[in-house]
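Some notes on the structure that comes next.
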Amino acid sequence: SARPLEAGTRSACQALANLCVLVDYDEAAPACEYYKTLQGEGSGLAHGESEWTLGMPWLYYDDSANALTDSTLDLAVAVSPEASAAGQGHSRLRFVLNSYTLNGTWIGLTNLTTELQLCGGPGTEAAIFADVGTHYTSSCELFVEDDLARLFREIGGVRTDDSSFAARADPFRNSAPGLRANLLGGFHELYVRDRENKLFPVPVRLHNFPGDVNVNGDGTPWGTLPSVTDRSSINDRLTRRFFLVDALSGREEDSELDDGPSVIRYAADLTLGVKVQELDASAIYPPILSVRYAEVRPQ
């Protein structure tokens with residue numbers, strides 16, 4: 001309703017932001033349009049960020065080109081554990097998820113390990129994506145009737161005794177059941193910790209952004225990290241929030257909880273990349289997370 005939003009209720013504003021994320025940030029959609037209106041009516045900046053209005057969630061980067069070339073991340077990096085041990089910088093970046101449920105309830109902060117990998121995998125192996133100078137790829141096939149249907153039952157709160165998915169492809173298998181369901185169906189913002197342990201926001205490059213503005217025009221794969229020197233990347237639209245699995249918005253209006261959704265959307269591809277600054281090999285530009293959503297229709 002409008003009243004709690006106009007009063008600045010935190011959870012209501014977070015829920016509005018989540019609804020905007022579900023429609024791929026389409027500014028013509030009612031949720032995004034209303035979000036933009038409230039953001040424009042606000043005053044003051046949150047945490048000194050020019051695009052983050054006080055009392056509102058931060059969804060859009062208005063200046064994506066500046067975000068790509070931002071050199072204010074106070075973090076020295078090293079390309080090997082030995083160099084890191086010698087005090088030359090961090091060889092493993094420390095990422096943090098800030099998460100909310102669909103209704104705007106804050107879940108909390110989670111140190112990122114395997115949470116972005118729906119394919120799962122051994123924790124020690126799956127965590128090497130954060131090592132500086134490492135190229136890591138994890139891929140798998142998810143079957144609608146088995147894997148994504150189980151994800152729906154977890155998110156929807158319907159108990160399942162089948163543990164094969166949890167053992168094979170569950171990035172939150174070590175989390176408590178309630179927290180696991182919230183994280184799977186949650187809305188997330190990604191941060192990286194700097195030298196002083198402060199949280200620095202990581203931009204999200206959404207392939208599904210309306211108008212195909214984030215599709216590379218030079219023939220390179222969409223997930224390729226936008227180049228800070230390539231002028232074709234300047235028109236990219238960067239955002240802040242994303243989800244892994246949406247098994248809620250695809251339900252029919254009169255459906256029961258146990259009926260399941262008509263459509264399940266999920267993050268089919270996620271690419272997390274880092275670029276070293278040209279004039280200082282120990283400094284990096286902000287990491288960028290590229291996301292592409294796909295959808296399936298359970299039979």
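Ordered as shown in the structure tokens, chains take letters A, B, and onward, while each chain numbers its residues from 1 and ligands are numbered from 1 in the order shown.
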Within 10 Å of region 96-106 of chain A, which residues of region 4-75 of chain A come that close, and what is the closest atom pair and distance in Å for each? Count only C-alpha atoms and give it as a Markdown table.
| residue | atom | partner | partner_atom | distance |
| --- | --- | --- | --- | --- |
| A:Thr9 | CA | A:Gly104 | CA | 9.9 |
| A:Arg10 | CA | A:Gly104 | CA | 7.5 |
| A:Ser11 | CA | A:Gly104 | CA | 4.3 |
| A:Ala12 | CA | A:Gly104 | CA | 6.1 |
| A:Cys13 | CA | A:Gly104 | CA | 7.2 |
| A:Gln14 | CA | A:Gly104 | CA | 4.5 |
| A:Ala15 | CA | A:Gly104 | CA | 4.2 |
| A:Leu16 | CA | A:Gly104 | CA | 7.9 |
| A:Ala17 | CA | A:Gly104 | CA | 8.4 |
| A:Asn18 | CA | A:Leu102 | CA | 6.2 |
| A:Leu19 | CA | A:Leu102 | CA | 7.8 |
| A:Leu22 | CA | A:Leu102 | CA | 9.8 |
Item to check | Near-Ala267 (chain A) list (12 Å; only C-alpha atoms; drop same-chain fewer than 2 positions) as a PyMOL selection string | outcome: chain A and resi 22+115-119+142+148+184-185+187+206-208+242-247+264-265+269-271+289-296
Checklist entry - Nearest to Asn197 (chain A) among A:Ala65, A:Ala29, A:Leu75, A:Val276, with distances taken over only C-alpha atoms: which residue is it? => result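 The closest residue to Asn197 (chain A) is A:Leu75.
Remark: for Leu73 (chain A), the closest of the candidate residues A:Val202, A:Ala268, A:Ala31, A:Leu248 is A:Val202 (distances computed over only C-alpha atoms).
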Item to check | Straight-line distance linking CA of Pro201 (chain A) with CA of Phe95 (chain A), stated in Å to one decimal | outcome: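 Here the two named atoms are 9.8 Å from each other.
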Next on the checklist: Taking only C-alpha atoms into account, name the residue in A:Asp280, A:Asp236, A:Glu51, A:Glu196 that is nearest to Arg94 (chain A).
Outcome noted: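 Nearest candidate to Arg94 (chain A) out of A:Asp280, A:Asp236, A:Glu51, A:Glu196: A:Glu196.
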Next on the checklist: Report, in Å to a single decimal, how far apart CA of Pro286 (chain A) and CA of Val274 (chain A) are.
Outcome noted: 6.9 Å
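Rounded to one decimal, CA of Phe209 (chain A) and CA of Ser139 (chain A) lie 23.2 Å from each other.
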